[in-house]
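Down below is the structure, laid out as structure tokens.
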Amino acid sequence: MEKNKLYFLGRKQGYSIHKFIPSKVENRRKDEINGLNEVNNLERTHFINKANILFFRNKPEKTTDLQVKLLSKRISKIDSKLIINNIKSFYNYDSKDRSFKIWKENNLLCPDYIAFSNEEINNDTNTTIDRLYDFYKKYKKIIIRTNNETGSNGLYIIENKKDIPEIFHKLILRVNEKIKNAKDTKIMCVEYIENSSKNEYNELYRVHIIFDQILSYYVATSNKKEFHQADMSVNDIDRFIEVNKKFQKILPSIKNKLISAIKLLGNNIGGIEFFLVNNEPCFIELNPMWGGPASRTGFGNNKMKDYIKSNKPTLYKQIPNIYNWLDYKNYYKNMYMTIAKYYQDNFKK
Ligand SMILES: Nc1ncnc2c1ncn2[C@@H]1O[C@H](COP(=O)(O)OP(=O)(O)O)[C@@H](O)[C@H]1O
Ligand SMILES: [Mg+2]
């Protein structure tokens with residue numbers, strides 16, 4: 001049987017001059033290609049015409065409008081292939097205000113927000129500041145941020161009204177610069193979602209989904225106000241185990257909402273990030289291809305990583321989700337097998 005063929009597209013991959021330069025897959029995850037190579041009925045091709053499946057891998061925060069345009073053009077005449085994370089949905093996931101809007105319109109929970117156009121922030125600065133004051137008055141704690149950056153860049157938590165003008169002006173400069181390559185850049189204010197538990201810990205949930213299937217998930221926990229899993233330390237370990245165990249039980253009841261959240265944006269693979277408010281997901285972002293330090297070296301700081309590794313025999317049963325994700329090669333083998341099967345079931349004539 002002939003193998004199904006997979007073609008990657010990215011910022012420097014699969015279009016224009018880049019078509020002719022064989023390159024490494026953009027945003028490639030550790031052991032991802034080793035996993036792919038273990039799948040029997042799927043292989044990479046460097047010719048789009050030979051491909052059955054296209055997979056967009058452009059790193060969102062670096063992707064320019066021009067690249068979106070050229071990549072879209074590249075697939076404009078293609079209709080019979082399976083397209084993974086179609087570039088056409090780029091702004092839906094890259095601009096957090098657009099994601100929020102789509103989720104809200106479809107009755108999925110996300111934080112309240114206002115997004116401001118470039119015209120508003122530059123020409124109606126005072127009116128915009130007044131709107132920020134009103135928003136702050138309503139929630140007492142808010143975030144002011146750019147709508148399309150990652151790693152907490154351009155993100156400020158506001159707990160004092162007096163900080164608003166200075167941060168707002170800082171962000172105006174930032175947006176005016178970014179907007180040159182990314183027209184959809186905006187300033188937005190977002191309701192700060194308080195942790196629902198009584199202690200001072202916050203939990204951040206992330207589930208990796210492919211089509212209708214959950215590939216893995218993890219819960220990060222920290223007493224910081226704003227954090228990513230890499231901010232966890234060995235002191236968080238007990239809590240980390242506890243919240244991950246607990247989430248296993250909740251997950252089946254919210255699974256469909258998580259799958260919808262990704263599909264609604266036009267994606268088919270992604271890491272969906274959310275808080276739990278009364279056991280309901282309150283969505284904050286979709287990362288089209290999961291990554292971050294956990295996809296390379298594990299969870300938390302070095303001590304925490306060592307703890308997780310050395311206690312695998314006793315902990316595996318309690319938090320299999322964590323260990324399955326850390327087994328990168330098998331994890332990606334599984335992902336690519338799922339992709340091949342999906343193609344086989346839904347596209348193959
Ligand atoms: N509405 C919110 N309420 C509370 N905390 C938030 C909110 N939005 C973001 N955060 C915090 O800020 C971090 C970064 O925000 P996020 O929207 O995920 O952007 P990115 O991961 O791209 O930097 C999150 O991990 C979370 O800790
Ligand atoms: Mg995030």
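Each chain in the structure tokens gets a letter, A, B, ..., in the order shown, and its residues are numbered from 1; ligands are numbered from 1 in order too.
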ask   = Which chains and residue numbers are within 8 Å of ligand 2, counting only C-alpha atoms and all ligand atoms, if I want them as a VMD selection string?
value = chain A and resid 150 to 152 228 273 284 to 287
Quick one: contact table of chain A to ligand 1, 10 Å max, nearest atom pair and distance in Å to one decimal per residue, counting only C-alpha atoms and all ligand atoms, chain and number order, as CSV?
residue,atom,partner,partner_atom_place_in_ligand_line,distance
A:Glu61,CA,ligand 1,22 (O),8.8
A:Asp94,CA,ligand 1,22 (O),9.3
A:Lys96,CA,ligand 1,17 (O),7.6
A:Cys110,CA,ligand 1,1 (N),8.0
A:Pro111,CA,ligand 1,1 (N),5.5
A:Asp112,CA,ligand 1,1 (N),8.0
A:Tyr113,CA,ligand 1,1 (N),8.6
A:Lys141,CA,ligand 1,3 (N),8.9
A:Ile142,CA,ligand 1,1 (N),7.5
A:Ile143,CA,ligand 1,1 (N),6.7
A:Ile144,CA,ligand 1,8 (N),9.5
A:Arg145,CA,ligand 1,17 (O),9.1
A:Thr146,CA,ligand 1,19 (O),9.6
A:Asn147,CA,ligand 1,17 (O),8.6
A:Asn148,CA,ligand 1,22 (O),7.5
A:Glu149,CA,ligand 1,22 (O),5.7
A:Thr150,CA,ligand 1,22 (O),3.2
A:Gly151,CA,ligand 1,23 (O),3.5
A:Ser152,CA,ligand 1,23 (O),3.5
A:Asn153,CA,ligand 1,23 (O),6.3
A:Gly154,CA,ligand 1,23 (O),8.6
A:Leu155,CA,ligand 1,12 (O),7.5
A:Tyr156,CA,ligand 1,12 (O),8.8
A:Ile157,CA,ligand 1,5 (N),8.2
A:Cys189,CA,ligand 1,1 (N),9.0
A:Val190,CA,ligand 1,1 (N),5.5
A:Glu191,CA,ligand 1,1 (N),5.2
A:Tyr192,CA,ligand 1,3 (N),3.5
A:Ile193,CA,ligand 1,3 (N),3.7
A:Glu194,CA,ligand 1,4 (C),6.2
A:Asn195,CA,ligand 1,4 (C),8.0
A:Asn202,CA,ligand 1,27 (O),7.8
A:Glu203,CA,ligand 1,27 (O),8.1
A:Leu204,CA,ligand 1,25 (O),6.4
A:Tyr205,CA,ligand 1,25 (O),9.0
A:Arg206,CA,ligand 1,25 (O),9.8
A:Ala220,CA,ligand 1,25 (O),9.0
A:Thr221,CA,ligand 1,27 (O),9.3
A:Ser222,CA,ligand 1,27 (O),8.7
A:Asn223,CA,ligand 1,27 (O),10.0
A:Lys224,CA,ligand 1,27 (O),7.8
A:Lys225,CA,ligand 1,27 (O),6.3
A:Glu226,CA,ligand 1,27 (O),3.6
A:Phe227,CA,ligand 1,27 (O),4.1
A:His228,CA,ligand 1,25 (O),4.8
A:Gln229,CA,ligand 1,25 (O),7.9
A:Asp231,CA,ligand 1,25 (O),9.9
A:Ile272,CA,ligand 1,18 (O),9.6
A:Glu273,CA,ligand 1,18 (O),6.8
A:Phe274,CA,ligand 1,18 (O),8.2
A:Phe275,CA,ligand 1,4 (C),8.2
A:Cys282,CA,ligand 1,1 (N),8.8
A:Phe283,CA,ligand 1,1 (N),8.7
A:Ile284,CA,ligand 1,17 (O),5.4
A:Glu285,CA,ligand 1,17 (O),5.7
A:Leu286,CA,ligand 1,18 (O),8.4
A:Asn287,CA,ligand 1,22 (O),8.0
A:Gly292,CA,ligand 1,21 (O),9.5
I need the residues from that last selection saved to file as an mmCIF file, in the first residue's frame (with C-alpha atoms), if you can.
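And here is the file that came out, result01.cif:
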data_model
loop_
_atom_site.group_PDB
_atom_site.id
_atom_site.type_symbol
_atom_site.label_atom_id
_atom_site.label_comp_id
_atom_site.auth_asym_id
_atom_site.auth_seq_id
_atom_site.Cartn_x
_atom_site.Cartn_y
_atom_site.Cartn_z
ATOM 1 C CA GLU A 61 3.855 35.376 17.077
ATOM 2 C CA ASP A 94 -3.614 34.673 16.861
ATOM 3 C CA LYS A 96 -7.076 36.796 21.311
ATOM 4 C CA CYS A 110 -14.214 33.400 28.410
ATOM 5 C CA PRO A 111 -13.197 36.517 30.343
ATOM 6 C CA ASP A 112 -15.035 39.751 29.604
ATOM 7 C CA TYR A 113 -12.936 42.093 27.440
ATOM 8 C CA LYS A 141 -8.561 43.693 38.833
ATOM 9 C CA ILE A 142 -7.949 43.646 35.095
ATOM 10 C CA ILE A 143 -5.307 42.881 32.498
ATOM 11 C CA ILE A 144 -4.271 45.360 29.844
ATOM 12 C CA ARG A 145 -2.352 43.741 27.045
ATOM 13 C CA THR A 146 -1.670 43.408 23.372
ATOM 14 C CA ASN A 147 -4.002 40.928 21.706
ATOM 15 C CA ASN A 148 -1.415 38.817 19.889
ATOM 16 C CA GLU A 149 1.768 38.373 21.877
ATOM 17 C CA THR A 150 2.999 35.341 23.806
ATOM 18 C CA GLY A 151 5.115 34.581 26.836
ATOM 19 C CA SER A 152 3.335 37.344 28.764
ATOM 20 C CA ASN A 153 4.991 40.012 26.623
ATOM 21 C CA GLY A 154 2.939 43.170 26.528
ATOM 22 C CA LEU A 155 0.748 41.921 29.386
ATOM 23 C CA TYR A 156 0.098 43.956 32.551
ATOM 24 C CA ILE A 157 -2.062 43.140 35.526
ATOM 25 C CA CYS A 189 -8.428 44.930 28.459
ATOM 26 C CA VAL A 190 -9.476 41.654 30.005
ATOM 27 C CA GLU A 191 -11.299 40.721 33.181
ATOM 28 C CA TYR A 192 -8.833 39.073 35.563
ATOM 29 C CA ILE A 193 -10.131 35.606 36.448
ATOM 30 C CA GLU A 194 -9.571 34.932 40.132
ATOM 31 C CA ASN A 195 -8.742 31.432 41.239
ATOM 32 C CA ASN A 202 -3.967 29.646 40.670
ATOM 33 C CA GLU A 203 -4.504 26.782 38.269
ATOM 34 C CA LEU A 204 -4.007 26.950 34.558
ATOM 35 C CA TYR A 205 -5.326 24.113 32.400
ATOM 36 C CA ARG A 206 -4.071 23.015 29.047
ATOM 37 C CA ALA A 220 -0.049 23.992 36.127
ATOM 38 C CA THR A 221 -0.371 25.523 39.565
ATOM 39 C CA SER A 222 1.355 28.493 41.132
ATOM 40 C CA ASN A 223 0.895 31.223 43.688
ATOM 41 C CA LYS A 224 2.040 33.771 41.131
ATOM 42 C CA LYS A 225 -0.552 36.059 39.586
ATOM 43 C CA GLU A 226 0.465 35.346 36.080
ATOM 44 C CA PHE A 227 2.486 32.307 35.117
ATOM 45 C CA HIS A 228 3.329 29.508 32.713
ATOM 46 C CA GLN A 229 4.097 25.932 33.716
ATOM 47 C CA ASP A 231 7.342 28.962 36.655
ATOM 48 C CA ILE A 272 -6.365 24.933 24.418
ATOM 49 C CA GLU A 273 -5.740 26.962 27.558
ATOM 50 C CA PHE A 274 -8.354 27.827 30.166
ATOM 51 C CA PHE A 275 -9.236 28.300 33.824
ATOM 52 C CA CYS A 282 -13.197 29.730 30.865
ATOM 53 C CA PHE A 283 -11.027 29.929 27.739
ATOM 54 C CA ILE A 284 -7.997 32.197 27.434
ATOM 55 C CA GLU A 285 -6.135 31.089 24.324
ATOM 56 C CA LEU A 286 -5.507 28.525 21.631
ATOM 57 C CA ASN A 287 -1.945 27.611 20.778
ATOM 58 C CA GLY A 292 7.022 25.619 25.452
#
message = Among range 77-176 of chain A, which ones does DSSP assign to strand (DSSP E) (computed from the backbone)? Answer as number ranges by chain.
response = A: 82-84, 113-116, 142-146, 155-158
key: Counting only C-alpha atoms, the residue of A:Ile75, A:Val25, A:Leu265, A:Leu6 that sits nearest Asn52 in chain A   = A:Leu6
query = Hey, what's within 9 Å of Gly291 in chain A if we count only C-alpha atoms and toss same-chain stuff fewer than 3 positions away? As a VMD selection string, please?
reply = chain A and resid 27 to 29 271 287 294 to 296
Take the selection from the previous step and output its residues with N, CA and C atoms, as a PDB file, in the first residue's frame.
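Full text of result02.pdb as output:
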ATOM      1  N   ASN A  27       8.925  25.181  14.009  1.00  0.00           N
ATOM      2  CA  ASN A  27       8.252  24.929  15.286  1.00  0.00           C
ATOM      3  C   ASN A  27       8.253  23.438  15.626  1.00  0.00           C
ATOM      4  N   ARG A  28       9.280  22.753  15.139  1.00  0.00           N
ATOM      5  CA  ARG A  28       9.367  21.297  15.316  1.00  0.00           C
ATOM      6  C   ARG A  28       9.526  20.967  16.797  1.00  0.00           C
ATOM      7  N   ARG A  29       8.823  19.979  17.269  1.00  0.00           N
ATOM      8  CA  ARG A  29       8.922  19.600  18.675  1.00  0.00           C
ATOM      9  C   ARG A  29       9.937  18.499  18.863  1.00  0.00           C
ATOM     10  N   GLY A 271      -3.325  23.280  21.484  1.00  0.00           N
ATOM     11  CA  GLY A 271      -3.332  23.250  22.940  1.00  0.00           C
ATOM     12  C   GLY A 271      -4.279  24.345  23.388  1.00  0.00           C
ATOM     13  N   ASN A 287      -3.261  27.702  21.409  1.00  0.00           N
ATOM     14  CA  ASN A 287      -1.945  27.611  20.778  1.00  0.00           C
ATOM     15  C   ASN A 287      -2.033  26.521  19.718  1.00  0.00           C
ATOM     16  N   ALA A 294       7.854  22.595  28.462  1.00  0.00           N
ATOM     17  CA  ALA A 294       7.396  21.252  28.834  1.00  0.00           C
ATOM     18  C   ALA A 294       7.544  20.281  27.668  1.00  0.00           C
ATOM     19  N   SER A 295       7.569  20.812  26.465  1.00  0.00           N
ATOM     20  CA  SER A 295       7.681  19.926  25.311  1.00  0.00           C
ATOM     21  C   SER A 295       9.136  19.580  24.997  1.00  0.00           C
ATOM     22  N   ARG A 296      10.038  20.132  25.782  1.00  0.00           N
ATOM     23  CA  ARG A 296      11.458  19.819  25.563  1.00  0.00           C
ATOM     24  C   ARG A 296      12.100  19.158  26.762  1.00  0.00           C
TER      25      ARG A 296
END
message = Taking only C-alpha atoms into account, name the residue in A:Tyr136, A:Ile179, A:Asp238, A:Lys69 that is nearest to Ile158 in chain A.
response =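 The answer is A:Tyr136, which sits nearest to Ile158 in chain A.
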ask   = Which of these, A:Ile167, A:Lys140, A:Tyr343, A:Gln67, has the shortest distance to Ala51 in chain A once you count only C-alpha atoms?
value =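 With only C-alpha atoms as the atom set, the closest residue is A:Tyr343.
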inquiry  = Just to confirm, what's the straight-line distance from CA of Leu258 in chain A to CA of Pro281 in chain A in Å (one decimal)?
reply    =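 So the two atoms, CA of Leu258 in chain A and CA of Pro281 in chain A, lie 7.8 Å apart.
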request  = Considering only C-alpha atoms, state which residue in the set A:Lys249, A:Lys50, A:Lys341, A:Met188 is at the smallest distance from Glu120 in chain A.
outcome  =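 Looking at the shortest contact to Glu120 in chain A, the residue is A:Met188.
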query = Of the candidates A:Thr297, A:Asn244, A:Asn58, A:Asn302, which one gets nearest to Tyr316 in chain A if we count only C-alpha atoms?
reply =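 For Tyr316 in chain A, the nearest of the candidates is A:Asn244.
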task = Return as a list in words the full set of residues in range 72-129 of chain A whose backbone-based DSSP assignment is alpha helix (DSSP H).
result = Ser72, Lys73, Arg74, Phe90, Tyr91, Asn92, Tyr93, Asp94, Lys96, Asp97, Arg98, Ser99, Phe100, Lys101, Ile102, Trp103, Lys104, Glu105, Asn118, Glu119, Glu120, Ile121, Asn122, Asn123, Thr125, Asn126, Thr127, Thr128 and Ile129 of chain A
Keeping only C-alpha atoms, take the residues you just selected and write them out as a short mmCIF file (atom, residue, chain, number, x, y, z; two decimals), in the first residue's frame.
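Writing the result to out06.cif gives the following:
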data_model
loop_
_atom_site.label_atom_id
_atom_site.label_comp_id
_atom_site.auth_asym_id
_atom_site.auth_seq_id
_atom_site.Cartn_x
_atom_site.Cartn_y
_atom_site.Cartn_z
CA SER A 72 -3.17 31.52 1.81
CA LYS A 73 -2.53 32.02 -1.88
CA ARG A 74 -0.49 28.85 -1.97
CA PHE A 90 -4.72 32.47 11.51
CA TYR A 91 -6.31 35.64 12.89
CA ASN A 92 -8.99 33.66 14.73
CA TYR A 93 -6.41 32.13 17.04
CA ASP A 94 -3.61 34.67 16.86
CA LYS A 96 -7.08 36.80 21.31
CA ASP A 97 -9.94 39.28 21.00
CA ARG A 98 -11.17 37.42 17.91
CA SER A 99 -10.97 34.07 19.71
CA PHE A 100 -12.93 35.53 22.63
CA LYS A 101 -15.57 36.93 20.30
CA ILE A 102 -16.10 33.63 18.51
CA TRP A 103 -16.24 31.70 21.78
CA LYS A 104 -18.72 34.11 23.31
CA GLU A 105 -20.96 34.03 20.26
CA ASN A 118 -5.71 51.62 16.43
CA GLU A 119 -7.81 54.63 15.52
CA GLU A 120 -9.31 54.70 19.03
CA ILE A 121 -6.07 54.41 20.96
CA ASN A 122 -4.24 57.05 18.90
CA ASN A 123 -7.01 59.55 18.17
CA THR A 125 -6.84 58.43 23.76
CA ASN A 126 -8.76 60.11 26.59
CA THR A 127 -12.04 58.42 25.78
CA THR A 128 -10.24 55.10 25.68
CA ILE A 129 -8.64 55.73 29.07
#
task = Can you pull out every residue within 10 Å of Ser253 in chain A, counting only C-alpha atoms, but drop anything in the same chain fewer than 3 positions away, and send it as a PyMOL selection string?
result = chain A and resi 249-250+256-257+279-280
request  = Go through A:Gly10, A:Pro320, A:Pro252, A:Gly298 one by one, measure the shortest atom-to-atom distance of each to Asn86 in chain A using only C-alpha atoms, and give the residue with the smallest value.
outcome  =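 Of all the options, A:Gly10 lies closest to Asn86 in chain A.
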Residues within 9 Å of Leu82 in chain A, only C-alpha atoms, excluding chain neighbours under 3 positions, as a compact mmCIF listing (two decimals) with N, CA and C atoms, in the first residue's frame:
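Listing of around_17.txt after writing:
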# COMPACT_ATOMS: atom_id res chain seq x y z
N ASN A 52 -1.16 14.31 0.50
CA ASN A 52 -2.57 14.12 0.85
C ASN A 52 -2.95 15.05 1.99
N ILE A 53 -1.94 15.38 2.79
CA ILE A 53 -2.20 16.14 4.01
C ILE A 53 -1.25 17.34 4.07
N LEU A 54 -1.79 18.52 4.34
CA LEU A 54 -0.96 19.71 4.53
C LEU A 54 -1.00 20.10 6.00
N PHE A 55 0.12 20.56 6.50
CA PHE A 55 0.20 20.88 7.94
C PHE A 55 0.90 22.23 8.09
N ASP A 79 -8.50 21.68 -2.73
CA ASP A 79 -9.73 21.39 -1.96
C ASP A 79 -9.86 19.93 -1.56
N TYR A 342 -7.25 9.62 10.46
CA TYR A 342 -8.30 10.60 10.16
C TYR A 342 -8.40 10.81 8.66
N TYR A 343 -7.25 10.91 8.02
CA TYR A 343 -7.25 11.08 6.56
C TYR A 343 -7.87 9.86 5.89
N ASN A 346 -11.69 9.78 6.45
CA ASN A 346 -12.55 10.88 6.00
C ASN A 346 -12.26 11.41 4.60
N PHE A 347 -11.09 11.14 4.07
CA PHE A 347 -10.72 11.73 2.78
C PHE A 347 -10.46 10.71 1.69
message = For Asn176 in chain A, find every residue with an atom within 12 Å (counting only C-alpha atoms), except residues of its own chain fewer than 4 positions away, and show them as a ChimeraX atom specification.
response = /A:117-119,121-122,146,169-172,180-187
key: Within 10 Å of Ser260 in chain A using only C-alpha atoms, minus same-chain residues under 6 positions, as a PyMOL selection string   = chain A and resi 103+106+108+211-212+266-268
